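Each remark here refers to the structure printed beneath this line.
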Amino acid sequence: MITKSTHYTKQTEAQRNWVIVDADGAILGRLATQVAAILRGKTKPQYTPNSDCGDFVIVINADKVQLTGNKAETKTYYRHSGYNGGLKAETFRTAMEKHPEQVIERAVRGMLPKTTLGRAQLKKLKVYAGAEHPHAAQNPVKIELEA
């Protein structure tokens, strides 16, 4: 009797590529879901949920990402210091003026697992506000995301 077994890709066997994604005019949530899928390795046929087999992702033009509807004025990011009265609030518009990279990083982080595996996958995300990036030596491939 012949039995077939599923091959699970180990982290050492993973082929990691470098990918560039242009965020110019992209919708934040749609961009973040597709970037999270690439980071997890779900776009590859050898996807294994319990190992880090995804690609490195470079996001450029993070300062040109958009939101739909009235969310640019109403969306608020919260953080808390842990002390009484330590709640800090920041609107999307002010966050984009101060640090547009963190807006995309926060959106992608929310779509990754909240485990050590998710933190390792998030380290493969590189976000830059402008069109320049220092990763030319890795020969990244530019891809177009679905609209």
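FYI, nothing fancy with the structure tokens labels: chains A, B, ... in order, residues from 1 per chain, ligands from 1 as they appear.
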
For this session: Could you please write out, as a VMD selection string, every residue of segment 5-131 of chain A that DSSP assigns to alpha helix (DSSP H)?
Result: chain A and resid 28 to 40 71 to 74 92 to 98 100 to 109 116 to 122

Exercise. Taking only C-alpha atoms into account, which of A:Ile2, A:Gly54, A:Val59, A:Val103 comes nearest Tyr77 of chain A?
Worked result: A:Val103

Set out as CSV a contact list for segment 56-123 of chain A and segment 30-43 of chain A with a cut-off of 10 Å, giving each residue of segment 56-123 of chain A that qualifies its closest atom pair and distance in Å to one decimal, counting only C-alpha atoms, ordered by chain and rising residue number.
```
residue,atom,partner,partner_atom,distance
A:Phe56,CA,A:Leu39,CA,6.5
A:Val57,CA,A:Leu39,CA,6.9
A:Ile58,CA,A:Val35,CA,9.3
A:Val59,CA,A:Val35,CA,8.7
A:Val65,CA,A:Leu31,CA,8.8
A:Gln66,CA,A:Leu31,CA,10.0
A:Leu67,CA,A:Arg30,CA,9.8
A:Ile104,CA,A:Ala32,CA,6.9
A:Glu105,CA,A:Ala32,CA,8.4
A:Arg106,CA,A:Ala32,CA,9.1
A:Ala107,CA,A:Ala32,CA,5.9
A:Val108,CA,A:Ala32,CA,4.9
A:Arg109,CA,A:Ala36,CA,8.0
A:Gly110,CA,A:Ala32,CA,9.0
A:Met111,CA,A:Ala36,CA,6.3
A:Leu112,CA,A:Ala36,CA,6.4
A:Pro113,CA,A:Arg40,CA,9.2
A:Leu117,CA,A:Arg40,CA,9.2
A:Gly118,CA,A:Arg40,CA,8.2
A:Ala120,CA,A:Leu39,CA,9.7
A:Gln121,CA,A:Leu39,CA,5.9
A:Leu122,CA,A:Leu39,CA,7.3
A:Lys123,CA,A:Leu39,CA,9.3
```

Exercise. Out of A:Ala95, A:Cys53, A:Ala89, A:Leu28, which residue has the shortest atom-to-atom distance to Thr12 of chain A when counting only C-alpha atoms?
Worked result: A:Cys53
